[in-house]
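Asks: Okay, here's the structure, questions in a sec.
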Amino acid sequence: MVFTSYQFFLFLPAVLFLYFIIPRGLRLHWLLLVSMLFYTCFHPVYLLVLSAVTGISWYAGLLLDRFDPAEVKARLIFRSGVLLSLLFLVVFKYTGFILENLRFLTERLLSRPVSLAFSLVMPVGISYYTFQVISYLADVRRGKTGAEKNILCYALYVSFFPKIISGPIERGEGFLAQIRDCRNWNLWNGTRVRDGLVLMIWGYFQKLVIADRLAILTGEVFGDYRGYGSVELFLAAAAFYIQLYADFNGYTDIARGVAKAMGFTLTENFRAPFFAKSIREYWKRWHISLSTWLQDYIYIPLGGNRKGTLRKYGNLMVTFLVSGFWHGAAWNYVFWALLHCVYEVAEAVTAPAAERLHQRLHTRTESFSYRMLRTVKCWLLVCFAYIFFKVPTAADGLRYLWRMATKWNPWTLFDGSLFTLGISEKYAHVLWIAIALLLLTDWLKEKKSMEIDVWLAEQCIWFRWLVMLGGIMAVVIFGAYGPAYDAENFIYFQF
C-alpha cells in the first residue's frame, strides 16, 4: 500500500477520522496499530523483521541507560545493539551482493564456474529504520536523549507509517517527544489539516505529473543507451536528475503532509538542492536526514576534520562509501558515491588557487552571473554522477558517458525525433510548465525561507482554494497513469 495506490486513498481518511474522534488515551495505540497494518500490507514477514529490530534496539537502549557511557559494559551493549540491528540489514540487503562477488573471485581463482546462488526479498524501508535505531542507540549512549521506557512509544517511533518506507530518518530526541505529547494535543486544527493537504497535493503533483512522466523518457533512453546520441543521452541524464528529485521530494512532501494533518512534524529532507553552488552545499540541501546522519554518526566519530587534511579526506571517503552502500548493494552506487567524494575533495583542494585567481582578475564573486555559473557547474556535476545511479553497472555508466561525449547528433534538436522518446509534444509543454512550478517553489524556499503551504496560507481564501483545486485537477488530468503505470515506483523505496 503505497501513497499513490487506491488502497491508500481509502486507508488514510479512515485513519484520520478515527484518530480525531477516539479518546486521547487511545491515540498512541491507534497510530501504532495502523502503522503495523500499513507495513504488513507489503508483506506479513516484513513485520517480523521490523518487530525484531524494534525489540532489540529498545532493550539495548534500556540497558544503556543503566551504565555510564565510559564503562566497558556500556560499550559492549551499544556495539551489540548496533551489530544485531545491522545484521538484519546485511542479511536481507547485502547477502546476494557478497555471494556474487565471492563467486566472481572464486571463478577467477579456480578458472571454472561456481554456483553461489542466494536470494532474499529485502523488507521495504529496512535501510531507513535501521539507521534510525542506530542513531537512537548512539544518542542514548551519549546522553543526548533518555532511553524510552514505553515500548509502544518506541515502536511507533520506529514504525510511524508516513515515514517508515522512505524516511525522513528521524532522531529520537525530537520525534519521541512528539509521540509522548500526542495524547495531550487538541487534535482538530483546520489550518493544520489544510496545510497538510496542500503539502500532499504538491507531493502528488511532483510524483505523478513530473517524476512519472519523466520516467517514461529516462526508461526509454537508459534502457537502450547504445542506440542514442549525445543529445538524447544528455537530455535523459538531466531528466533523471529532475525525476529523482520530484519523485523523492514528492514522497517526502506527502509524508510530511499526512503527519502534519495529525499534528506531527517530520524533518525537512530537501532545501532547494538545484540552487546549490558547490557539492558540499548540495549535500546540505539533498536528503538532509541522511546526510546529517552520516555526518553525525560516521564522519565526526571518525575524527571529522580535526586530525589533519589527509585524515579528513579519508574520513570523507569512508562516509561516502557508507552512503553508496546504503543506497544499494551494487558497485555503481559505490562509484556514484566516490565520484561525489572526488568532487568535494577537488573543490577543497582548488579553493585557495581559485580565490587567488579571482582576486587577480577582480572577479565579482557576489554577482548574479558568477553565482549562476557556479550553480550550473554544480548542477551538471551532480547530473553526470546520477548516471551511475540509474544504470545497472558502473561499466554501463562509463560507456554512457563515453557515448555522450563522442556520438554527436545536434540535428535531433530540430527534426522532432525527441518526441519519439515516449513524451508527446503536448505533454512536453505540460512538463516544462510543471518543472517551472517546481523551480518556483524552490525559489520561494531559497529566497524567502517559505514552503508552499506557508506561502499559500498568506494568500486570500479564494486564491488558496483555486490553487488547491487546480493542483488536484492537474494530478488527475496530467498524471502518468495507464497500462504501464506502476503505483509502487517511488525510486527510493528500493533503498
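Just remember, in the C-alpha cells the first chain shown is A, the second B, etc., residues are 1-based per chain, and ligands are 1-based in the order shown.
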Excluding same-chain residues fewer than 6 positions from Tyr313 (chain A), what lies within 9 Å of it counting only C-alpha atoms, as an NGL selection string?
Replies: :A and (304-305 or 341 or 345)
Asks: To one decimal in Å, tell me the separation between CA of Phe419 (chain A) and CA of Asp396 (chain A).
Replies: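 Calculated distance between CA of Phe419 (chain A) and CA of Asp396 (chain A) is 24.8 Å.
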Asks: Taking only region 83-240 of chain A into account, list the residues labelled alpha helix (DSSP H) by DSSP (computed from the backbone), as a PyMOL selection string.
Replies: chain A and resi 83-89+95-110+126-142+151-159+172-181+190-204+212-223+230-240
Asks: Tell me, as a list in words, which residues lie within 10 Å of Lys277 (chain A), counting only C-alpha atoms; anything in the same chain fewer than 5 positions away does not count.
Replies: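 With the cut-off at 10 Å, the set is Tyr282, Tyr370, Arg371, Met372, Leu373, Arg374, Thr375, Val376, Lys377, Cys378 and Trp379 of chain A.
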Asks: In Å, how far is it from CA of Leu338 (chain A) to CA of Arg285 (chain A)?
Replies: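 Pair CA of Leu338 (chain A) / CA of Arg285 (chain A) returns 18.7 Å.
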Asks: Mind running region 95-189 of chain A against region 291-296 of chain A at 9 Å and telling me each contacting residue's nearest atom pair with the distance in Å (one decimal), counting only C-alpha atoms, chain and number ascending, as a Markdown table?
Replies:
```
| residue | atom | partner | partner_atom | distance |
| --- | --- | --- | --- | --- |
| A:Phe131 | CA | A:Trp293 | CA | 8.1 |
| A:Gln132 | CA | A:Trp293 | CA | 8.8 |
| A:Ser135 | CA | A:Trp293 | CA | 7.6 |
| A:Ile169 | CA | A:Trp293 | CA | 8.0 |
| A:Arg171 | CA | A:Trp293 | CA | 9.0 |
```
Asks: Residues at most 8 Å from Met200 (chain A), counting only C-alpha atoms, excluding those fewer than 6 positions away in the same chain, as an MDAnalysis selection string?
Replies: chainID A and resid 253:258
Asks: Let's have the selection written as a JSON list (two decimals), in the first residue's frame, with N, CA and C atoms.
Replies:
```json
[["chain", "number", "residue", "atom", "x", "y", "z"],
["A", 253, "ASP", "N", 7.07, 15.16, 0.74],
["A", 253, "ASP", "CA", 6.01, 16.15, 0.98],
["A", 253, "ASP", "C", 4.68, 15.48, 1.32],
["A", 254, "ILE", "N", 4.39, 14.35, 0.67],
["A", 254, "ILE", "CA", 3.17, 13.60, 1.02],
["A", 254, "ILE", "C", 3.27, 13.12, 2.46],
["A", 255, "ALA", "N", 4.42, 12.54, 2.82],
["A", 255, "ALA", "CA", 4.62, 12.04, 4.19],
["A", 255, "ALA", "C", 4.50, 13.16, 5.20],
["A", 256, "ARG", "N", 5.13, 14.29, 4.91],
["A", 256, "ARG", "CA", 5.06, 15.43, 5.83],
["A", 256, "ARG", "C", 3.65, 15.99, 5.91],
["A", 257, "GLY", "N", 2.93, 15.97, 4.80],
["A", 257, "GLY", "CA", 1.56, 16.45, 4.80],
["A", 257, "GLY", "C", 0.65, 15.57, 5.65],
["A", 258, "VAL", "N", 0.78, 14.25, 5.50],
["A", 258, "VAL", "CA", -0.02, 13.32, 6.30],
["A", 258, "VAL", "C", 0.29, 13.51, 7.78]]
```
Asks: Smallest atom-to-atom distance to Thr267 (chain A): which of A:Tyr94, A:Phe384, A:Phe175, A:Phe3, using only C-alpha atoms?
Replies: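 Ranked by minimum distance to Thr267 (chain A), first place goes to A:Phe175.
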Asks: Just to confirm, what's the straight-line distance from CA of Glu220 (chain A) to CA of Gln206 (chain A) in Å (one decimal)?
Replies: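 Interatomic distance, CA of Glu220 (chain A) to CA of Gln206 (chain A): 20.3 Å.
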Asks: Which residues, written as a PyMOL selection string, have at least one atom at most 8 Å from Lys207 (chain A), with only C-alpha atoms counted and residues fewer than 3 positions away on the same chain left out?
Replies: chain A and resi 203-204+210-212+246-248+250-251
Asks: If we count only C-alpha atoms and set the cut-off at 12 Å, which residues sit around Gly479 (chain A), ignoring sequence neighbours fewer than 4 positions away in its own chain? Please answer as an MDAnalysis selection string.
Replies: chainID A and resid 4 204:215 427 430:431 434 471:475 485 487
Asks: Could you give me, as an mmCIF file with N, CA, C and O atoms, in the first residue's frame, the residues within 9 Å of Leu89 (chain A), counting only C-alpha atoms and dropping anything in the same chain fewer than 5 positions from it?
Replies:
```
data_model
loop_
_atom_site.group_PDB
_atom_site.id
_atom_site.type_symbol
_atom_site.label_atom_id
_atom_site.label_comp_id
_atom_site.auth_asym_id
_atom_site.auth_seq_id
_atom_site.Cartn_x
_atom_site.Cartn_y
_atom_site.Cartn_z
ATOM 1 N N TYR A 94 22.436 -7.367 1.604
ATOM 2 C CA TYR A 94 23.789 -7.496 1.060
ATOM 3 C C TYR A 94 24.270 -8.933 0.878
ATOM 4 O O TYR A 94 25.347 -9.133 0.309
ATOM 5 N N MET A 122 14.160 -8.120 0.110
ATOM 6 C CA MET A 122 14.506 -7.126 1.110
ATOM 7 C C MET A 122 13.254 -6.432 1.644
ATOM 8 O O MET A 122 12.456 -5.909 0.870
ATOM 9 N N PRO A 123 13.034 -6.423 2.968
ATOM 10 C CA PRO A 123 11.887 -5.701 3.534
ATOM 11 C C PRO A 123 11.958 -4.219 3.186
ATOM 12 O O PRO A 123 13.022 -3.593 3.311
ATOM 13 N N ILE A 126 13.866 -1.006 5.271
ATOM 14 C CA ILE A 126 14.783 -1.527 6.284
ATOM 15 C C ILE A 126 16.021 -0.644 6.446
ATOM 16 O O ILE A 126 16.544 -0.483 7.555
ATOM 17 N N SER A 127 16.501 -0.042 5.363
ATOM 18 C CA SER A 127 17.668 0.839 5.465
ATOM 19 C C SER A 127 17.353 2.060 6.322
ATOM 20 O O SER A 127 18.205 2.545 7.073
ATOM 21 N N THR A 130 16.673 1.003 10.164
ATOM 22 C CA THR A 130 17.910 0.531 10.783
ATOM 23 C C THR A 130 18.792 1.704 11.173
ATOM 24 O O THR A 130 19.319 1.762 12.292
#
```
